[in-house]
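This report refers to the structure that appears directly beneath it.
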Amino acid sequence: MKIDLFNEIQNPRPWPEGHERLRFSQAIEQAVLADELGYDCWWQVEHHGAGEFSLSSAPELMLAALSQRTSRIRLGHSAVLAPGRFNHPIRIAERAATLDHLSGGRVELGLTRSTIPEWRLFGIEPDEARAQTQQAFEMVPRMWTSDRFSYESDAYRVDDVPISPKPVQKPHPPLWQAAASPASFEEAGRRGVGVLGTTMWESLERAGRLIKLYRDAAGRCTDPVGAFVNDQVGFFTFVHCADTDEEAMRNGAAAAAAWYTVTALTFFEAANEFVRLNARQEEIVAAPDGGGLTGDFLRGEAKNAPTEANLLIARILQGESVPDDEIFTVLSAQDSLIVGSPETCRKKLRAYAELGIDRMMCLQQIGGIPHEKVLKSIRLIGELIPELA
């Protein structure tokens with residue numbers, strides 16, 4: 001199992017003077033350290049209108065900067081918002097190929113539909129999002145591998161145009177799909193692209209079922225959207241490592257995970273639904289159809305999370321002040337959060353390696369955890385990389 005870093009460029013209040021510039025410089029420092037320590041890939045999200053939750057609205061610029069400050073770590077979009085009002089497929093292909101040149105052939109490209117708040121912000125109809133994401137998956141690899149490109153659909157008409165540059169990697173960089181629901185995991189397998197999911201608040205058993213669903217579909221794929229089947233599974237979850245479990249608690253790791261969940265639920269407009277669902281466990285709430293790496297999971301799959309953790313998050317959403325030690329006790333007990341000493345983190349990481357995950361995408365810069373504590377956690381997890389490869 002490869003160990004990666006997953007980054008949102010989170011920016012929690014309070015905001016000192018120059019806070020945005022500070023967050024970008026900290027992210028670059030974290031990426032440079034990860035490059036030195038042997039992490040395999042740096043994954044950068046794309047979000048718009050996200051406030052404290054994410055400053056990563058132009059990930060292609062962040063990744064271009066990292067291409068000049070790193071030498072070996074791969075650079076991943078996780079994922080480009082694929083509907084055309086976000087990013088036209090021609091621009092996706094051009095930017096990713098340019099980044100592949102700037103980085104010496106280190107690009108991994110994920111695509112996703114996004115979710116309701118971002119669709120609304122850009123004036124996108126949900127049905128358009130699904131269809132245009134499929135079309136982007138069809139168009140981008142063909143633009144990379146054809147001297148001249150043509151395509152026609154309800155959304156796009158391209159007539160015999162040379163699209164350049166072509167990527168360094170041949171036939172093209174690996175393709176991925178962000179997924180949260182079982183249907184999306186199966187869809188990624190049918191397309192022959194790698195799948196990027198989340199284990200946050202997921203049980204090991206359910207993660208294993210999603211992996212099998214994807215593997216079965218990918219194994220049956222004979223006509224991938226790209227030039228090859230990228231049969232890989234990547235999952236992200238919150239990771240914080242300190243010298244001891246107690247130090248991880250003092251660093252605010254569990255409180256940061258709770259902050260992340262509450263802030264994400266608010267951004268993805270799922271907080272009221274989450275509280276209602278966990279106030280009445282017998283109630284079944286139909287999940288709106290989305291596609292974001294985090295959004296669909298929090299919106300539609302929260303009912304599968306451990307009940308004790310869900311109830312704690314619901315209490316926080318309703319304004320209750322929950323002591324940090326209680327947050328740590330409840331949340332660190334979940335297998336899906338990798339928090340604690342190197343030994344604790346090693347045990348939890350090995351459990352995921354045994355499930356057959358190809359890439360563990362460690363979300364380490366989260367909430368209010370101080371930058372120097374994030375760097376220390378990156379170093380400690382980096383020491384475990386040789387054991388998991």
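Residues in the structure tokens are named by chain (A, B, ... in the order shown) and by number from 1 within that chain; ligands are numbered from 1 in the order shown.
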Nearby residues (only C-alpha atoms) at most 7 Å from segment 253-257 of chain A, same-chain spacing under 4 positions excluded, as a PyMOL selection string: chain A and resi 238+240+248-249+261+324+327-328+331-332+366-369
Write out as JSON, numbers by chain which residues come within 10 Å of Arg23 of chain A when counting only C-alpha atoms, dropping same-chain ones fewer than 2 positions away. {"A": [9, 10, 11, 18, 19, 20, 21, 25, 26, 27, 28, 29, 55, 365, 371]}
Just-selected residues, C-alpha atoms written as a short mmCIF file (atom, residue, chain, number, x, y, z; two decimals), in the first residue's frame:
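Produced file part.cif, reproduced below:
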data_model
loop_
_atom_site.label_atom_id
_atom_site.label_comp_id
_atom_site.auth_asym_id
_atom_site.auth_seq_id
_atom_site.Cartn_x
_atom_site.Cartn_y
_atom_site.Cartn_z
CA ILE A 9 -5.73 23.76 2.28
CA GLN A 10 -8.09 24.20 5.21
CA ASN A 11 -8.28 27.68 6.73
CA GLY A 18 -1.97 37.28 5.77
CA HIS A 19 -3.70 34.01 6.68
CA GLU A 20 -4.35 32.88 3.11
CA ARG A 21 -0.75 33.38 2.00
CA SER A 25 3.19 28.51 2.10
CA GLN A 26 2.51 25.88 4.77
CA ALA A 27 1.05 23.49 2.20
CA ILE A 28 4.14 23.89 0.02
CA GLU A 29 6.38 23.19 3.01
CA LEU A 55 -8.80 27.40 -0.10
CA GLN A 365 -3.58 19.34 7.53
CA HIS A 371 1.47 23.55 11.36
#
Residues within 10 Å of segment 117-132 of chain A, only C-alpha atoms, excluding chain neighbours under 3 positions, as a PyMOL selection string: chain A and resi 47-50+81-86+88-89+112-114+135-138+153-156+267-269+289-292+295
For those residues, write N, CA, C and O atoms to a file as a compact mmCIF listing (two decimals), in the first residue's frame.
# COMPACT_ATOMS: atom_id res chain seq x y z
N HIS A 47 -12.39 22.87 -4.80
CA HIS A 47 -13.66 23.31 -4.21
C HIS A 47 -13.84 24.80 -4.47
O HIS A 47 -12.85 25.54 -4.58
N HIS A 48 -15.09 25.22 -4.53
CA HIS A 48 -15.40 26.63 -4.77
C HIS A 48 -16.44 27.10 -3.74
O HIS A 48 -17.38 26.37 -3.42
N GLY A 49 -16.23 28.31 -3.22
CA GLY A 49 -17.15 28.86 -2.24
C GLY A 49 -17.14 28.12 -0.93
O GLY A 49 -18.14 28.09 -0.21
N ALA A 50 -16.00 27.55 -0.56
CA ALA A 50 -15.94 26.65 0.59
C ALA A 50 -15.54 27.33 1.89
O ALA A 50 -15.54 26.68 2.94
N LEU A 81 -13.29 19.13 -11.16
CA LEU A 81 -14.74 19.15 -11.33
C LEU A 81 -15.03 19.14 -12.83
O LEU A 81 -14.69 20.08 -13.55
N ALA A 82 -15.66 18.08 -13.31
CA ALA A 82 -15.68 17.79 -14.74
C ALA A 82 -16.77 18.47 -15.56
O ALA A 82 -16.58 18.66 -16.76
N PRO A 83 -17.94 18.81 -15.02
CA PRO A 83 -18.92 19.49 -15.87
C PRO A 83 -18.35 20.76 -16.50
O PRO A 83 -17.55 21.47 -15.89
N GLY A 84 -18.79 21.03 -17.73
CA GLY A 84 -18.13 22.06 -18.55
C GLY A 84 -18.17 23.45 -17.99
O GLY A 84 -17.28 24.26 -18.27
N ARG A 85 -19.19 23.82 -17.20
CA ARG A 85 -19.21 25.15 -16.62
C ARG A 85 -18.12 25.34 -15.56
O ARG A 85 -17.74 26.46 -15.25
N PHE A 86 -17.65 24.23 -14.98
CA PHE A 86 -16.48 24.30 -14.10
C PHE A 86 -15.20 24.35 -14.94
O PHE A 86 -14.39 25.26 -14.81
N HIS A 88 -13.93 23.14 -18.93
CA HIS A 88 -14.16 22.52 -20.24
C HIS A 88 -13.16 21.38 -20.43
O HIS A 88 -11.99 21.49 -20.05
N PRO A 89 -13.59 20.26 -21.01
CA PRO A 89 -12.67 19.12 -21.18
C PRO A 89 -11.38 19.47 -21.92
O PRO A 89 -10.32 18.90 -21.62
N THR A 112 -14.54 14.34 -11.28
CA THR A 112 -15.73 14.11 -10.46
C THR A 112 -16.84 15.04 -10.90
O THR A 112 -16.60 16.06 -11.55
N ARG A 113 -18.08 14.70 -10.53
CA ARG A 113 -19.23 15.53 -10.88
C ARG A 113 -19.38 16.75 -9.99
O ARG A 113 -20.07 17.68 -10.32
N SER A 114 -18.81 16.72 -8.79
CA SER A 114 -19.04 17.72 -7.74
C SER A 114 -20.40 17.46 -7.09
O SER A 114 -20.93 16.35 -7.17
N GLN A 135 -18.78 12.46 -20.55
CA GLN A 135 -18.18 12.96 -21.77
C GLN A 135 -16.74 13.41 -21.56
O GLN A 135 -15.87 13.19 -22.42
N ALA A 136 -16.45 14.01 -20.40
CA ALA A 136 -15.07 14.40 -20.10
C ALA A 136 -14.16 13.18 -20.02
O ALA A 136 -13.03 13.19 -20.52
N PHE A 137 -14.66 12.10 -19.38
CA PHE A 137 -13.88 10.87 -19.32
C PHE A 137 -13.60 10.32 -20.71
O PHE A 137 -12.53 9.75 -20.96
N GLU A 138 -14.53 10.47 -21.62
CA GLU A 138 -14.33 9.99 -22.99
C GLU A 138 -13.38 10.90 -23.76
O GLU A 138 -12.54 10.41 -24.53
N SER A 153 -21.62 16.18 -29.07
CA SER A 153 -22.68 15.78 -28.14
C SER A 153 -23.60 16.98 -27.96
O SER A 153 -23.40 18.03 -28.59
N ASP A 154 -24.59 16.85 -27.08
CA ASP A 154 -25.46 17.99 -26.79
C ASP A 154 -24.69 19.16 -26.18
O ASP A 154 -25.05 20.32 -26.37
N ALA A 155 -23.61 18.84 -25.45
CA ALA A 155 -22.86 19.88 -24.74
C ALA A 155 -21.65 20.39 -25.51
O ALA A 155 -21.25 21.55 -25.34
N TYR A 156 -21.04 19.54 -26.33
CA TYR A 156 -19.76 19.89 -26.95
C TYR A 156 -19.77 19.57 -28.45
O TYR A 156 -20.33 18.57 -28.88
N PHE A 267 -20.93 22.92 4.67
CA PHE A 267 -20.61 23.34 3.30
C PHE A 267 -21.45 22.57 2.28
O PHE A 267 -21.98 23.13 1.32
N PHE A 268 -21.59 21.25 2.49
CA PHE A 268 -22.34 20.43 1.56
C PHE A 268 -23.85 20.42 1.84
O PHE A 268 -24.59 19.65 1.25
N GLU A 269 -24.28 21.29 2.77
CA GLU A 269 -25.70 21.50 3.07
C GLU A 269 -26.38 20.21 3.50
O GLU A 269 -27.51 19.91 3.10
N ASP A 289 -28.47 12.75 -5.23
CA ASP A 289 -27.41 12.20 -6.07
C ASP A 289 -26.37 13.26 -6.34
O ASP A 289 -26.66 14.28 -6.93
N GLY A 290 -25.16 13.04 -5.87
CA GLY A 290 -24.08 13.98 -6.13
C GLY A 290 -22.88 13.26 -6.68
O GLY A 290 -23.01 12.41 -7.51
N GLY A 291 -21.69 13.54 -6.20
CA GLY A 291 -20.53 12.85 -6.73
C GLY A 291 -19.24 13.33 -6.13
O GLY A 291 -18.18 12.85 -6.49
N GLY A 292 -19.26 14.33 -5.24
CA GLY A 292 -18.01 14.83 -4.68
C GLY A 292 -17.38 13.81 -3.77
O GLY A 292 -18.06 13.00 -3.15
N GLY A 295 -18.61 15.15 -0.36
CA GLY A 295 -19.99 15.57 -0.24
C GLY A 295 -20.99 14.44 -0.26
O GLY A 295 -21.86 14.36 0.60
Under the rule that only C-alpha atoms are counted, which of A:Val374, A:Met200, A:Leu388, A:Leu102 is the nearest residue to Leu33 of chain A? A:Val374
Taking into account only C-alpha atoms, which residue in the set A:Val229, A:Cys345, A:Leu210, A:Val140 is nearest to Ser164 of chain A?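 For Ser164 of chain A, the nearest of the given residues is A:Val140.
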Nearby residues (only C-alpha atoms) at most 10 Å from Leu380 of chain A, same-chain spacing under 4 positions excluded, as a count of residues only: 13
What does the distance from atom CA of Leu337 of chain A to atom CA of Leu265 of chain A come to in Å, to one decimal? 17.4 Å
I need the strand (DSSP E or B) residues of segment 40-231 of chain A per DSSP on the backbone, written as a VMD selection string. chain A and resid 41 to 44 74 to 81 107 to 112 149 to 152 157 to 161 175 to 178 194 to 198
Rounded to one decimal place, report the atom CA of Glu17 of chain A-atom CA of Leu5 of chain A distance in Å.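 Calculated distance between atom CA of Glu17 of chain A and atom CA of Leu5 of chain A is 27.3 Å.
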